[in-house]
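*Asks:* Below: one structure in structure tokens.
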Amino acid sequence: MIIRKYGLVLKRLKEGDIELIRQMRNSESVRRNMYFKEDITPEMQKKWFQSVNNKFNGYYLIIHNEEKIGMIHGKNVDFEKRTCEGGIFIWNEKYLNSPIPSLASIIMNDWTFYLANFKAVYAKVLKENKIALSYNKMQGYEICEPQNDDKGVVWLMLTKEDYTAKIGNIRKKMAQYTQDEKPLQFDDVDASDDLGKEIELFYRGLPPDIQQLADKLIAKAKNAKV
């Protein structure tokens with residue numbers, strides 16, 4: 001799946017990009033802010049990808065001006081509770097203090113809350129990562145009960161209601177950069193790169209309303225191929 005919005009492209013992670021992700025994830029500038037700090041081997045990376053390449057996880061490359069600069073995700077999807085765990089990392093340091101990370105997060109949150117109709121997104125942040133904590137709170141995340149036994153982290157939760165309450169003003173500020181105040185729309189989403197085995201992996205066995213959305217995306221992609 002490919003999402004185009006605000007001058008960015010979010011493209012679902014494919015196996016051909018996992019070595020790039022491994023190298024960037026192992027870099028010191030990224031690893032120091034991660035819970036898992038061990039060096040990731042190619043074998044570990046391949047095993048990880050095989051475990052997350054399904055409808056319960058969505059990992060997307062962040063592409064700006066045709067350059068891959070980071071990755072954003074919604075993982076551990078619970079379709080019954082309509083929750084998932086979000087995260088982002090940017091390896092191109094020139095974008096860290098730019099609007100790009102916030103724009104990527106807005107795109108992903110719009111997809112999660114408004115198109116997929118989820119209720120909440122969780123985030124796990126190292127206690128010492130003050131920048132990430134501030135970044136999440138700016139979007140409307142609030143500290144919540146721990147979701148597992150991981151030590152040294154803070155768990156936060158963003159509800160659809162809190163996101164909706166804050167995003168209007170954020171969009172207005174971002175419009176100075178993007179000239180676009182509109183939320184993500186169906187037409188911004190393209191499933192044309194998911195017409196192979198990905199159909200069964202990502203677009204089948206979903207809750208009825210999300211299945212309807214998935215069917216429309218696949219139908220649109222197939223019609224565009226004709």
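Here, A, B, ... name the chains of the structure tokens in the order displayed, residue numbers run from 1 inside each chain, and ligands are numbered from 1 in the same displayed order.
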When you look at segment 92-95 of chain A with a cut-off of 8 Å (counting only C-alpha atoms), what residues show up, excluding the ones that are within fewer than 6 positions of it in the same chain? I need them as an MDAnalysis selection string.
*Replies:* chainID A and resid 69:70 101
*Asks:* For Glu80 of chain A, list every protein, DNA or RNA residue within 12 Å, evaluated using only C-alpha atoms, and leave out those in the same chain fewer than 2 positions away; present the list as a PyMOL selection string.
*Replies:* chain A and resi 56+76-78+82-84+117-120+206-208+210
*Asks:* Residues of segment 39-144 of chain A classed as strand (DSSP E) by DSSP on the backbone are to be reported as a PyMOL selection string.
*Replies:* chain A and resi 58-64+67-78+83-90+120-126+142-143
*Asks:* For atom CA of Gln139 of chain A and atom CA of Glu66 of chain A, quote the distance in Å rounded to one decimal.
*Replies:* 26.4 Å
*Asks:* Would you mind listing what lies within 6 Å of Gly58 of chain A as an MDAnalysis selection string, with only C-alpha atoms counted and same-chain residues fewer than 2 positions away left out?
*Replies:* chainID A and resid 73:75
*Asks:* Could the residues in this selection be saved with all heavy atoms as a short mmCIF file (atom, residue, chain, number, x, y, z; two decimals), in the first residue's frame?
*Replies:*
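Dumped to selection-v6.cif:
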data_model
loop_
_atom_site.label_atom_id
_atom_site.label_comp_id
_atom_site.auth_asym_id
_atom_site.auth_seq_id
_atom_site.Cartn_x
_atom_site.Cartn_y
_atom_site.Cartn_z
N HIS A 73 5.16 3.01 11.82
CA HIS A 73 4.39 1.77 11.88
C HIS A 73 3.18 1.86 12.80
O HIS A 73 3.11 2.71 13.68
CB HIS A 73 5.28 0.60 12.34
CG HIS A 73 5.71 0.70 13.78
ND1 HIS A 73 6.98 1.05 14.15
CD2 HIS A 73 5.04 0.48 14.95
CE1 HIS A 73 7.08 1.04 15.47
NE2 HIS A 73 5.91 0.70 15.97
N GLY A 74 2.26 0.93 12.55
CA GLY A 74 1.19 0.61 13.47
C GLY A 74 1.22 -0.90 13.61
O GLY A 74 0.92 -1.62 12.67
N LYS A 75 1.63 -1.40 14.77
CA LYS A 75 1.83 -2.84 14.94
C LYS A 75 0.93 -3.38 16.05
O LYS A 75 0.23 -2.63 16.73
CB LYS A 75 3.29 -3.14 15.26
CG LYS A 75 3.78 -2.62 16.61
CD LYS A 75 5.22 -3.03 16.85
CE LYS A 75 5.69 -2.59 18.24
NZ LYS A 75 7.09 -3.03 18.53
#
*Asks:* Mind checking which residues fall within 9 Å of Arg25 of chain A, counting only C-alpha atoms, ignoring those fewer than 4 positions away in the same chain, and posting them as a VMD selection string?
*Replies:* chain A and resid 20 to 21 29 to 31 34 39 to 40 89 91
*Asks:* Closest to Leu96 of chain A among A:Ile131, A:Lys166, A:Asn109, A:Leu115, using only C-alpha atoms?
*Replies:*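 Nearest to Leu96 of chain A: A:Ile131.
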*Asks:* Considering only C-alpha atoms, tabulate each residue of segment 33-139 of chain A that lies at most 12 Å from segment 145-152 of chain A along with its nearest interatomic pair and the corresponding distance in Å to one decimal; arrange the rows by chain and ascending residue number and present them as JSON lines.
*Replies:*
{"residue": "A:Asn33", "atom": "CA", "partner": "A:Gly152", "partner_atom": "CA", "distance": 11.7}
{"residue": "A:Met34", "atom": "CA", "partner": "A:Gly152", "partner_atom": "CA", "distance": 11.1}
{"residue": "A:Tyr35", "atom": "CA", "partner": "A:Gly152", "partner_atom": "CA", "distance": 8.6}
{"residue": "A:Phe36", "atom": "CA", "partner": "A:Asp150", "partner_atom": "CA", "distance": 10.5}
{"residue": "A:Asn76", "atom": "CA", "partner": "A:Gln147", "partner_atom": "CA", "distance": 11.4}
{"residue": "A:Thr83", "atom": "CA", "partner": "A:Gln147", "partner_atom": "CA", "distance": 11.8}
{"residue": "A:Cys84", "atom": "CA", "partner": "A:Gln147", "partner_atom": "CA", "distance": 11.1}
{"residue": "A:Glu85", "atom": "CA", "partner": "A:Gln147", "partner_atom": "CA", "distance": 9.9}
{"residue": "A:Val121", "atom": "CA", "partner": "A:Gln147", "partner_atom": "CA", "distance": 11.7}
{"residue": "A:Tyr122", "atom": "CA", "partner": "A:Gln147", "partner_atom": "CA", "distance": 8.5}
{"residue": "A:Ala123", "atom": "CA", "partner": "A:Gln147", "partner_atom": "CA", "distance": 9.6}
{"residue": "A:Lys124", "atom": "CA", "partner": "A:Pro146", "partner_atom": "CA", "distance": 8.8}
{"residue": "A:Val125", "atom": "CA", "partner": "A:Gly152", "partner_atom": "CA", "distance": 8.6}
{"residue": "A:Leu126", "atom": "CA", "partner": "A:Gly152", "partner_atom": "CA", "distance": 6.0}
{"residue": "A:Lys127", "atom": "CA", "partner": "A:Gly152", "partner_atom": "CA", "distance": 5.8}
{"residue": "A:Glu128", "atom": "CA", "partner": "A:Gly152", "partner_atom": "CA", "distance": 8.3}
{"residue": "A:Asn129", "atom": "CA", "partner": "A:Gly152", "partner_atom": "CA", "distance": 10.4}
*Asks:* Could you take the residues named above and write them with all heavy atoms, as a tab-separated table (two decimals), in the first residue's frame?
*Replies:*
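result17.tsv written:
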chain	number	residue	atom	x	y	z
A	33	ASN	N	17.93	5.36	21.01
A	33	ASN	CA	16.58	5.71	21.44
A	33	ASN	C	15.60	4.55	21.39
A	33	ASN	O	14.40	4.73	21.61
A	33	ASN	CB	16.04	6.85	20.57
A	33	ASN	CG	16.78	8.15	20.81
A	33	ASN	OD1	17.06	8.51	21.96
A	33	ASN	ND2	17.10	8.86	19.74
A	34	MET	N	16.12	3.35	21.10
A	34	MET	CA	15.28	2.18	20.98
A	34	MET	C	15.34	1.31	22.24
A	34	MET	O	16.37	1.25	22.91
A	34	MET	CB	15.69	1.34	19.76
A	34	MET	CG	15.49	2.05	18.44
A	34	MET	SD	13.73	2.35	18.13
A	34	MET	CE	13.80	3.03	16.47
A	35	TYR	N	14.24	0.60	22.50
A	35	TYR	CA	14.22	-0.32	23.64
A	35	TYR	C	15.15	-1.49	23.40
A	35	TYR	O	15.91	-1.89	24.27
A	35	TYR	CB	12.79	-0.81	23.88
A	35	TYR	CG	12.66	-1.72	25.08
A	35	TYR	CD1	12.65	-1.19	26.37
A	35	TYR	CD2	12.54	-3.10	24.93
A	35	TYR	CE1	12.55	-2.01	27.48
A	35	TYR	CE2	12.43	-3.93	26.03
A	35	TYR	CZ	12.44	-3.37	27.30
A	35	TYR	OH	12.35	-4.20	28.40
A	36	PHE	N	15.11	-2.05	22.19
A	36	PHE	CA	15.99	-3.16	21.83
A	36	PHE	C	17.28	-2.57	21.26
A	36	PHE	O	17.26	-1.91	20.22
A	36	PHE	CB	15.31	-4.06	20.79
A	36	PHE	CG	16.11	-5.27	20.41
A	36	PHE	CD1	16.09	-6.41	21.20
A	36	PHE	CD2	16.90	-5.27	19.27
A	36	PHE	CE1	16.83	-7.54	20.86
A	36	PHE	CE2	17.64	-6.39	18.92
A	36	PHE	CZ	17.61	-7.53	19.72
A	76	ASN	N	0.97	-4.71	16.19
A	76	ASN	CA	0.19	-5.39	17.23
A	76	ASN	C	-1.28	-4.97	17.18
A	76	ASN	O	-1.89	-4.62	18.20
A	76	ASN	CB	0.77	-5.12	18.62
A	76	ASN	CG	2.20	-5.62	18.77
A	76	ASN	OD1	2.58	-6.61	18.12
A	76	ASN	ND2	2.99	-4.97	19.59
A	83	THR	N	-7.34	-1.23	18.49
A	83	THR	CA	-6.14	-0.56	18.99
A	83	THR	C	-4.91	-1.11	18.26
A	83	THR	O	-4.95	-2.18	17.66
A	83	THR	CB	-5.94	-0.79	20.50
A	83	THR	OG1	-5.75	-2.19	20.75
A	83	THR	CG2	-7.13	-0.29	21.30
A	84	CYS	N	-3.82	-0.34	18.33
A	84	CYS	CA	-2.53	-0.79	17.82
A	84	CYS	C	-1.45	0.00	18.54
A	84	CYS	O	-1.74	0.90	19.34
A	84	CYS	CB	-2.43	-0.61	16.30
A	84	CYS	SG	-2.48	1.10	15.74
A	85	GLU	N	-0.19	-0.33	18.24
A	85	GLU	CA	0.94	0.38	18.83
A	85	GLU	C	1.68	1.12	17.73
A	85	GLU	O	2.09	0.52	16.74
A	85	GLU	CB	1.87	-0.60	19.53
A	85	GLU	CG	3.06	0.06	20.20
A	85	GLU	CD	4.02	-0.94	20.83
A	85	GLU	OE1	3.59	-2.07	21.15
A	85	GLU	OE2	5.21	-0.58	20.99
A	121	VAL	N	-4.40	4.43	19.86
A	121	VAL	CA	-3.05	4.01	19.48
A	121	VAL	C	-2.17	4.15	20.71
A	121	VAL	O	-2.20	5.17	21.40
A	121	VAL	CB	-2.49	4.87	18.34
A	121	VAL	CG1	-1.05	4.45	18.01
A	121	VAL	CG2	-3.36	4.77	17.10
A	122	TYR	N	-1.37	3.12	20.99
A	122	TYR	CA	-0.41	3.15	22.10
A	122	TYR	C	0.99	3.45	21.57
A	122	TYR	O	1.31	3.18	20.41
A	122	TYR	CB	-0.39	1.81	22.84
A	122	TYR	CG	-1.67	1.50	23.57
A	122	TYR	CD1	-2.66	0.73	22.98
A	122	TYR	CD2	-1.88	1.99	24.87
A	122	TYR	CE1	-3.85	0.44	23.66
A	122	TYR	CE2	-3.06	1.71	25.55
A	122	TYR	CZ	-4.03	0.94	24.94
A	122	TYR	OH	-5.20	0.66	25.61
A	123	ALA	N	1.82	4.00	22.44
A	123	ALA	CA	3.22	4.25	22.10
A	123	ALA	C	4.08	3.94	23.32
A	123	ALA	O	3.70	4.24	24.45
A	123	ALA	CB	3.43	5.70	21.66
A	124	LYS	N	5.23	3.33	23.07
A	124	LYS	CA	6.18	2.99	24.13
A	124	LYS	C	7.45	3.81	23.91
A	124	LYS	O	8.06	3.73	22.85
A	124	LYS	CB	6.50	1.49	24.09
A	124	LYS	CG	7.47	1.04	25.16
A	124	LYS	CD	7.67	-0.47	25.14
A	124	LYS	CE	8.45	-0.91	23.92
A	124	LYS	NZ	8.75	-2.37	23.95
A	125	VAL	N	7.83	4.59	24.93
A	125	VAL	CA	8.97	5.52	24.79
A	125	VAL	C	9.91	5.32	25.97
A	125	VAL	O	9.46	5.20	27.12
A	125	VAL	CB	8.48	6.98	24.74
A	125	VAL	CG1	9.66	7.94	24.62
A	125	VAL	CG2	7.50	7.18	23.60
A	126	LEU	N	11.22	5.30	25.71
A	126	LEU	CA	12.19	5.25	26.80
A	126	LEU	C	12.03	6.47	27.71
A	126	LEU	O	11.83	7.59	27.23
A	126	LEU	CB	13.61	5.22	26.24
A	126	LEU	CG	14.04	3.97	25.45
A	126	LEU	CD1	15.45	4.16	24.91
A	126	LEU	CD2	13.96	2.72	26.32
A	127	LYS	N	12.11	6.25	29.01
A	127	LYS	CA	11.90	7.34	29.96
A	127	LYS	C	12.84	8.51	29.72
A	127	LYS	O	12.48	9.67	29.93
A	127	LYS	CB	12.07	6.81	31.39
A	127	LYS	CG	10.94	5.93	31.87
A	127	LYS	CD	11.16	5.48	33.30
A	127	LYS	CE	9.98	4.63	33.80
A	127	LYS	NZ	10.19	4.16	35.19
A	128	GLU	N	14.08	8.21	29.28
A	128	GLU	CA	15.06	9.28	29.10
A	128	GLU	C	14.91	10.00	27.76
A	128	GLU	O	15.58	11.01	27.52
A	128	GLU	CB	16.48	8.73	29.23
A	128	GLU	CG	16.87	7.70	28.19
A	128	GLU	CD	16.62	6.27	28.64
A	128	GLU	OE1	15.74	6.07	29.50
A	128	GLU	OE2	17.31	5.36	28.13
A	129	ASN	N	14.04	9.51	26.90
A	129	ASN	CA	13.87	10.13	25.58
A	129	ASN	C	12.85	11.27	25.68
A	129	ASN	O	11.69	11.14	25.28
A	129	ASN	CB	13.42	9.08	24.56
A	129	ASN	CG	13.53	9.58	23.13
A	129	ASN	OD1	13.67	10.78	22.89
A	129	ASN	ND2	13.45	8.67	22.18
*Asks:* Give me, as an MDAnalysis selection string, the residues of chain A that a backbone DSSP run labels alpha helix (DSSP H).
*Replies:* chainID A and resid 18:26 28:31 42:52 100:110 130:139 160:178 198:202 208:225
*Asks:* Return the single residue from A:Leu13, A:Ala191, A:Leu156, A:Ile18 that is closest to Asn57 of chain A, with distances computed using only C-alpha atoms.
*Replies:*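 That would be A:Leu13, the residue with the smallest distance to Asn57 of chain A.
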*Asks:* Can you tell me how far atom CA of Leu103 of chain A sits from atom CA of Gln211 of chain A, in Å to one decimal?
*Replies:*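 So the answer is 26.5 Å.
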*Asks:* In Å, rounded to a single decimal, give me how far atom CA of Arg22 of chain A is from atom CA of Trp48 of chain A.
*Replies:*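 So the two atoms, atom CA of Trp48 of chain A and atom CA of Arg22 of chain A, lie 10.4 Å apart.
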*Asks:* Given the choices A:Tyr114, A:Ile72, A:Gly205, A:Ser105, which gets closest to Lys160 of chain A if the distance is worked out from only C-alpha atoms?
*Replies:* A:Tyr114
*Asks:* With distances taken over only C-alpha atoms, which of A:Ile143, A:Lys37, A:Asn54, A:Lys5 is nearest to Pro183 of chain A?
*Replies:*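 Closest residue, counting only C-alpha atoms: A:Lys5.
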*Asks:* With only C-alpha atoms counted and 12 Å as the cut-off, give the residues of segment 40-141 of chain A in contact with segment 169-175 of chain A, each with its shortest interatomic distance in Å and the pair that gives it, as a Markdown table.
*Replies:*
| residue | atom | partner | partner_atom | distance |
| --- | --- | --- | --- | --- |
| A:Ser98 | CA | A:Met174 | CA | 10.8 |
| A:Pro99 | CA | A:Met174 | CA | 7.4 |
| A:Ile100 | CA | A:Met174 | CA | 9.7 |
| A:Pro101 | CA | A:Met174 | CA | 11.5 |
| A:Ser102 | CA | A:Met174 | CA | 8.7 |
| A:Leu103 | CA | A:Met174 | CA | 7.7 |
| A:Ala104 | CA | A:Met174 | CA | 11.5 |
| A:Ser105 | CA | A:Ile170 | CA | 11.5 |
| A:Ile106 | CA | A:Arg171 | CA | 8.6 |
| A:Ile107 | CA | A:Arg171 | CA | 10.9 |
| A:Asp110 | CA | A:Arg171 | CA | 11.4 |
| A:Met138 | CA | A:Ile170 | CA | 9.1 |
| A:Gln139 | CA | A:Ile170 | CA | 8.2 |
| A:Gly140 | CA | A:Ile170 | CA | 10.5 |
